[in-house]
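A.B. asks: Could you have a look at this structure, given as structure tokens, before my questions?
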Amino acid sequence: MSIILALLAAVFAALTGILAKIGIKDVDSNLATAIRTVVVLVMAFLVVAVTGQLHAAFEVQGRALLFIVLSGITTGLSWLCFFKAIQIGDVSKVVPIDKSSIVITILLSFIVLQEPAPPLVILGGAIITAGTFILIGKTKSDKKVKVTQSYIFLAILAAVFAALTSILAKIGINEVDSNVATFIRTIVILIFAWAIVFFQGTVKDMKTITKKSYLFLGLSGIATGLSWLCYFAAIAIGKVSVVAPIDKFSVVLTMVLSFIILKEKPTRNTIIGGIVITIGTVLLIV
């Protein structure tokens, strides 16, 4: 069941990327993220309300609440580090480093959660990582800008915080319903997202966003909410070392949907990378 939920999380995550791509045109990416997070929070609230678990959200305390909040904070920190890194550094170097979070997640699940390390999980994780690097490929830049190496450190931090998010969430939801945990975690992420927007001063740009952009940002928020609900339900009943890599399969699904919906042209790197990631995912499922 955890594998099915992880695959659903990947599908919705892929739809998030496609819908956001359409809606984010001429919209600041951080502002778009903040808007989508509002929709996710509304969805999370409706889920706990409909299932009669709203009261449970206010009853979570102690160790469980601590780790759920920490998982939300690490998500926010990951975003902060990632956006700062791509602001001052080369995206073609930052993104691959950030994607390495999958390897860190698997390693931490073995060390912190004491999950077993089957050879196929290790091999599958390694293959997915290799496929991700192939998929990203190399980008050419016409401008040579001198920057400090601090962006590499920030990109590494972004990957570490992303990995910690899964581990902390796994610990936090051991004694809490996954939907309740998602609701609490989303509140923390919402605070982070809007803090960034207000800090940047881009909140004033909300009145210039078109109805089409709001529509697709809203739809991407719904897809994000469904992805998160499926993902955290999956790690609640399954192994993080298996669920997290399968969830990353959304990279391949996003690629396929971009060819079909966005009419983007496939390259050799995207095709080979997609095939490699698919092979790695199959190994994890087996």
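We name chains A, B, ... following the order of the structure tokens; residues begin at 1 in each chain, and ligands are numbered from 1 as shown.
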Using only C-alpha atoms, determine which residues lie at most 12 Å from Gly52 of chain A, disregarding the query and same-chain residues fewer than 4 positions distant; provide the list as a list in words.

C.D. replies: Phe45, Leu46, Val47, Val48, Ala56, Ala57, Asp177, Asn179 and Val180 of chain A

A.B. asks: How about saving the chosen residues, N, CA, C and O atoms kept, as a compact mmCIF listing (two decimals), in the first residue's frame?

C.D. replies:
```txt
# COMPACT_ATOMS: atom_id res chain seq x y z
N PHE A 45 -6.62 21.35 5.74
CA PHE A 45 -7.64 21.67 6.74
C PHE A 45 -8.95 20.92 6.44
O PHE A 45 -9.57 20.36 7.35
N LEU A 46 -9.37 20.93 5.16
CA LEU A 46 -10.60 20.25 4.77
C LEU A 46 -10.53 18.76 5.05
O LEU A 46 -11.51 18.14 5.49
N VAL A 47 -9.35 18.18 4.78
CA VAL A 47 -9.19 16.74 5.00
C VAL A 47 -9.37 16.39 6.47
O VAL A 47 -10.11 15.46 6.82
N VAL A 48 -8.68 17.14 7.35
CA VAL A 48 -8.79 16.83 8.78
C VAL A 48 -10.18 17.17 9.31
O VAL A 48 -10.68 16.53 10.25
N ALA A 56 -7.92 16.72 16.77
CA ALA A 56 -6.67 15.99 17.03
C ALA A 56 -5.45 16.87 16.75
O ALA A 56 -4.39 16.69 17.37
N ALA A 57 -5.61 17.82 15.82
CA ALA A 57 -4.50 18.71 15.47
C ALA A 57 -4.10 19.58 16.66
O ALA A 57 -2.93 19.95 16.81
N ASP A 177 -1.81 10.82 13.20
CA ASP A 177 -2.39 10.55 11.88
C ASP A 177 -1.66 11.39 10.84
O ASP A 177 -1.37 12.56 11.06
N ASN A 179 -2.59 12.75 8.08
CA ASN A 179 -3.31 13.94 7.63
C ASN A 179 -3.19 15.10 8.62
O ASN A 179 -3.03 16.25 8.23
N VAL A 180 -3.26 14.76 9.91
CA VAL A 180 -3.10 15.77 10.95
C VAL A 180 -1.69 16.33 10.92
O VAL A 180 -1.48 17.55 11.03
```

A.B. asks: Please identify all polymer residues within 7 Å of Ala158 of chain A, counting only C-alpha atoms, omitting same-chain residues fewer than 4 positions from it, and present them as number ranges by chain.

C.D. replies: A: 78-79, 81-82, 98, 154, 162

A.B. asks: For those residues, write C-alpha atoms to a file as a PDB file, in the first residue's frame.

C.D. replies:
```pdb
ATOM      1  CA  SER A  78      15.684  24.063   2.360  1.00  0.00           C
ATOM      2  CA  TRP A  79      13.753  26.584   0.261  1.00  0.00           C
ATOM      3  CA  CYS A  81      19.078  27.864   0.967  1.00  0.00           C
ATOM      4  CA  PHE A  82      18.047  26.680  -2.486  1.00  0.00           C
ATOM      5  CA  ASP A  98      20.038  19.726  -4.329  1.00  0.00           C
ATOM      6  CA  LEU A 154      24.079  26.572   0.367  1.00  0.00           C
ATOM      7  CA  ALA A 162      15.233  18.326   2.307  1.00  0.00           C
TER       8      ALA A 162
END
```

A.B. asks: Looking at A:Ala236, A:Ile261, A:Ala44, A:Val242, which one is nearest to Val121 of chain A, with distances taken over only C-alpha atoms?

C.D. replies: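 Closest to Val121 of chain A, using only C-alpha atoms: A:Val242.
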
A.B. asks: Skip Val243 of chain A itself and residues of its chain fewer than 3 positions away, then list as a list in words all residues within 7 Å of it, counting only C-alpha atoms.

C.D. replies: Ile3, Ala6, Ala234, Ile235, Gly238, Lys239, Val240, Ile246 and Asp247 of chain A

A.B. asks: Residues of the last selection are to be written out with N, CA and C atoms, as a JSON list (two decimals), in the first residue's frame.

C.D. replies:
```
[["chain", "number", "residue", "atom", "x", "y", "z"],
["A", 3, "ILE", "N", 3.72, 1.66, -1.36],
["A", 3, "ILE", "CA", 4.28, 1.88, -2.70],
["A", 3, "ILE", "C", 3.27, 2.55, -3.60],
["A", 6, "ALA", "N", 3.05, 6.12, -2.62],
["A", 6, "ALA", "CA", 4.25, 6.83, -3.07],
["A", 6, "ALA", "C", 4.17, 7.15, -4.56],
["A", 234, "ALA", "N", 2.26, 7.46, 3.03],
["A", 234, "ALA", "CA", 3.15, 6.37, 2.60],
["A", 234, "ALA", "C", 4.28, 6.15, 3.61],
["A", 235, "ILE", "N", 4.94, 7.25, 4.04],
["A", 235, "ILE", "CA", 6.05, 7.06, 4.98],
["A", 235, "ILE", "C", 5.56, 6.71, 6.38],
["A", 238, "GLY", "N", 5.19, 2.90, 5.59],
["A", 238, "GLY", "CA", 6.27, 2.25, 4.84],
["A", 238, "GLY", "C", 7.63, 2.73, 5.26],
["A", 239, "LYS", "N", 8.65, 2.30, 4.52],
["A", 239, "LYS", "CA", 10.03, 2.68, 4.80],
["A", 239, "LYS", "C", 10.39, 3.94, 4.01],
["A", 240, "VAL", "N", 10.99, 4.91, 4.70],
["A", 240, "VAL", "CA", 11.39, 6.15, 4.05],
["A", 240, "VAL", "C", 12.39, 5.89, 2.94],
["A", 246, "ILE", "N", 10.88, 6.52, -4.65],
["A", 246, "ILE", "CA", 9.75, 6.34, -5.56],
["A", 246, "ILE", "C", 9.06, 7.67, -5.82],
["A", 247, "ASP", "N", 8.95, 8.48, -4.77],
["A", 247, "ASP", "CA", 8.34, 9.80, -4.91],
["A", 247, "ASP", "C", 9.14, 10.65, -5.89]]
```

A.B. asks: From the set A:Ser178, A:Ser227, A:Thr254, A:Thr132, which residue has the shortest atom-to-atom contact distance to Leu7 of chain A, counting only C-alpha atoms?

C.D. replies: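 Among the listed residues, the smallest separation from Leu7 of chain A belongs to A:Ser227.
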
A.B. asks: Enumerate as JSON, numbers by chain all residues of segment 62-225 of chain A assigned to alpha helix (DSSP H) by DSSP on the backbone, naming them with the chain letters and numbers the document uses.

C.D. replies: {"A": [62, 63, 64, 65, 66, 67, 68, 69, 70, 71, 72, 73, 74, 75, 76, 77, 78, 79, 80, 81, 82, 83, 84, 85, 86, 87, 88, 91, 92, 93, 94, 95, 96, 97, 98, 99, 101, 102, 103, 104, 105, 106, 107, 108, 109, 110, 111, 119, 120, 121, 122, 123, 124, 125, 126, 127, 128, 129, 130, 131, 132, 133, 134, 135, 136, 150, 151, 152, 153, 154, 155, 156, 157, 158, 159, 160, 161, 162, 163, 164, 165, 166, 167, 168, 169, 170, 171, 172, 178, 179, 180, 181, 182, 183, 184, 185, 186, 187, 188, 189, 190, 191, 192, 193, 194, 195, 196, 197, 198, 199, 200, 211, 212, 213, 214, 215, 216, 217, 218, 219, 220, 221, 222, 223, 224, 225]}

A.B. asks: Can you pull out every residue within 12 Å of Leu257 of chain A, counting only C-alpha atoms, but drop anything in the same chain fewer than 4 positions away, and send it as a PyMOL selection string?

C.D. replies: chain A and resi 11-19+21+250-253+261-266

A.B. asks: Mind writing the picked residues with all heavy atoms as a compact mmCIF listing (two decimals), in the first residue's frame?

C.D. replies:
```
# COMPACT_ATOMS: atom_id res chain seq x y z
N VAL A 11 2.83 11.10 -9.02
CA VAL A 11 1.95 11.58 -10.09
C VAL A 11 1.47 13.00 -9.79
O VAL A 11 1.53 13.89 -10.66
CB VAL A 11 0.73 10.64 -10.26
CG1 VAL A 11 -0.29 11.26 -11.21
CG2 VAL A 11 1.18 9.29 -10.79
N PHE A 12 0.99 13.21 -8.58
CA PHE A 12 0.49 14.55 -8.20
C PHE A 12 1.62 15.58 -8.16
O PHE A 12 1.43 16.75 -8.49
CB PHE A 12 -0.22 14.49 -6.86
CG PHE A 12 -1.56 13.79 -6.91
CD1 PHE A 12 -1.84 12.71 -6.07
CD2 PHE A 12 -2.54 14.20 -7.80
CE1 PHE A 12 -3.07 12.07 -6.13
CE2 PHE A 12 -3.78 13.56 -7.86
CZ PHE A 12 -4.04 12.50 -7.03
N ALA A 13 2.82 15.13 -7.77
CA ALA A 13 3.97 16.03 -7.75
C ALA A 13 4.32 16.46 -9.17
O ALA A 13 4.69 17.62 -9.41
CB ALA A 13 5.17 15.34 -7.10
N ALA A 14 4.21 15.53 -10.11
CA ALA A 14 4.47 15.85 -11.51
C ALA A 14 3.45 16.85 -12.04
O ALA A 14 3.80 17.82 -12.74
CB ALA A 14 4.44 14.58 -12.35
N LEU A 15 2.18 16.65 -11.69
CA LEU A 15 1.13 17.58 -12.11
C LEU A 15 1.36 18.96 -11.50
O LEU A 15 1.08 19.98 -12.13
CB LEU A 15 -0.24 17.04 -11.68
CG LEU A 15 -0.77 15.85 -12.49
CD1 LEU A 15 -2.06 15.32 -11.86
CD2 LEU A 15 -1.02 16.25 -13.94
N THR A 16 1.90 18.97 -10.29
CA THR A 16 2.21 20.25 -9.63
C THR A 16 3.16 21.07 -10.48
O THR A 16 2.96 22.26 -10.70
CB THR A 16 2.85 20.01 -8.25
OG1 THR A 16 1.89 19.39 -7.38
CG2 THR A 16 3.31 21.31 -7.62
N GLY A 17 4.22 20.40 -10.96
CA GLY A 17 5.21 21.09 -11.77
C GLY A 17 4.65 21.63 -13.07
O GLY A 17 4.95 22.77 -13.47
N ILE A 18 3.83 20.83 -13.73
CA ILE A 18 3.25 21.23 -15.02
C ILE A 18 2.28 22.40 -14.83
O ILE A 18 2.33 23.40 -15.56
CB ILE A 18 2.52 20.05 -15.69
CG1 ILE A 18 3.50 18.91 -15.98
CG2 ILE A 18 1.84 20.51 -16.97
CD1 ILE A 18 4.64 19.27 -16.90
N LEU A 19 1.38 22.27 -13.87
CA LEU A 19 0.39 23.32 -13.62
C LEU A 19 1.07 24.61 -13.16
O LEU A 19 0.67 25.71 -13.56
CB LEU A 19 -0.62 22.84 -12.57
CG LEU A 19 -1.53 21.69 -13.00
CD1 LEU A 19 -2.27 21.11 -11.80
CD2 LEU A 19 -2.51 22.15 -14.06
N LYS A 21 4.09 25.54 -13.92
CA LYS A 21 4.80 26.09 -15.07
C LYS A 21 3.89 26.99 -15.88
O LYS A 21 4.30 28.06 -16.36
CB LYS A 21 5.31 24.94 -15.95
CG LYS A 21 5.96 25.36 -17.26
CD LYS A 21 7.28 26.05 -17.03
CE LYS A 21 7.98 26.35 -18.34
NZ LYS A 21 9.28 27.02 -18.16
N SER A 250 8.67 11.35 -9.81
CA SER A 250 7.91 12.46 -10.38
C SER A 250 8.74 13.22 -11.41
O SER A 250 8.19 13.87 -12.31
CB SER A 250 7.46 13.42 -9.28
OG SER A 250 8.57 13.98 -8.60
N VAL A 251 10.07 13.13 -11.30
CA VAL A 251 10.96 13.79 -12.27
C VAL A 251 10.69 13.25 -13.66
O VAL A 251 10.57 13.99 -14.64
CB VAL A 251 12.44 13.57 -11.89
CG1 VAL A 251 13.35 14.14 -12.98
CG2 VAL A 251 12.76 14.22 -10.56
N VAL A 252 10.57 11.92 -13.75
CA VAL A 252 10.31 11.28 -15.04
C VAL A 252 8.91 11.62 -15.54
O VAL A 252 8.71 11.94 -16.72
CB VAL A 252 10.46 9.75 -14.93
CG1 VAL A 252 10.13 9.07 -16.26
CG2 VAL A 252 11.88 9.39 -14.50
N LEU A 253 7.93 11.54 -14.64
CA LEU A 253 6.55 11.84 -15.02
C LEU A 253 6.41 13.29 -15.48
O LEU A 253 5.70 13.59 -16.45
CB LEU A 253 5.61 11.58 -13.83
CG LEU A 253 5.54 10.14 -13.33
CD1 LEU A 253 4.64 10.04 -12.11
CD2 LEU A 253 5.02 9.21 -14.44
N ILE A 261 2.01 18.01 -22.75
CA ILE A 261 1.21 19.21 -22.47
C ILE A 261 1.90 20.50 -22.86
O ILE A 261 1.30 21.36 -23.50
CB ILE A 261 0.84 19.25 -20.97
CG1 ILE A 261 0.01 18.01 -20.59
CG2 ILE A 261 0.04 20.52 -20.65
CD1 ILE A 261 -0.33 17.91 -19.12
N LEU A 262 3.17 20.62 -22.47
CA LEU A 262 3.89 21.87 -22.74
C LEU A 262 4.59 21.89 -24.09
O LEU A 262 5.19 22.90 -24.47
CB LEU A 262 4.92 22.13 -21.63
CG LEU A 262 4.36 22.22 -20.20
CD1 LEU A 262 5.49 22.44 -19.21
CD2 LEU A 262 3.32 23.33 -20.10
N LYS A 263 4.55 20.75 -24.79
CA LYS A 263 5.15 20.64 -26.13
C LYS A 263 6.65 20.89 -26.12
O LYS A 263 7.22 21.41 -27.09
CB LYS A 263 4.47 21.61 -27.10
CG LYS A 263 2.96 21.48 -27.17
CD LYS A 263 2.53 20.10 -27.62
CE LYS A 263 1.00 20.00 -27.69
NZ LYS A 263 0.55 18.62 -28.05
N GLU A 264 7.31 20.55 -25.01
CA GLU A 264 8.75 20.72 -24.95
C GLU A 264 9.42 19.59 -25.74
O GLU A 264 8.93 18.47 -25.76
CB GLU A 264 9.22 20.71 -23.49
CG GLU A 264 8.73 21.90 -22.69
CD GLU A 264 9.26 21.90 -21.26
OE1 GLU A 264 9.91 20.91 -20.88
OE2 GLU A 264 9.02 22.87 -20.54
N LYS A 265 10.54 19.90 -26.37
CA LYS A 265 11.23 18.91 -27.18
C LYS A 265 12.17 18.05 -26.33
O LYS A 265 12.98 18.58 -25.57
CB LYS A 265 12.04 19.61 -28.27
CG LYS A 265 11.17 20.35 -29.30
CD LYS A 265 12.03 21.00 -30.36
CE LYS A 265 11.17 21.73 -31.39
NZ LYS A 265 12.00 22.38 -32.44
N PRO A 266 12.05 16.73 -26.46
CA PRO A 266 12.92 15.84 -25.68
C PRO A 266 14.36 15.90 -26.19
O PRO A 266 14.60 16.07 -27.37
CB PRO A 266 12.31 14.46 -25.91
CG PRO A 266 11.64 14.56 -27.24
CD PRO A 266 11.10 15.97 -27.30
```

A.B. asks: Closest to Thr224 of chain A among A:Arg268, A:Arg36, A:Arg185, A:Lys204, using only C-alpha atoms?

C.D. replies: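 Among the listed residues, the smallest separation from Thr224 of chain A belongs to A:Arg36.
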
A.B. asks: In Å, rounded to a single decimal, give me how far atom CA of Asn269 of chain A is from atom CA of Thr33 of chain A.

C.D. replies: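 For atom CA of Thr33 of chain A relative to atom CA of Asn269 of chain A, the distance reads 28.0 Å.
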
A.B. asks: Which of these residues is nearest to Phe183 of chain A, using only C-alpha atoms: A:Phe153, A:Gly72, A:Ile35, A:Phe67?

C.D. replies: A:Gly72

A.B. asks: Atom CA of Gly125 of chain A and atom CA of Ile68 of chain A are how many Å apart?

C.D. replies: 25.4 Å
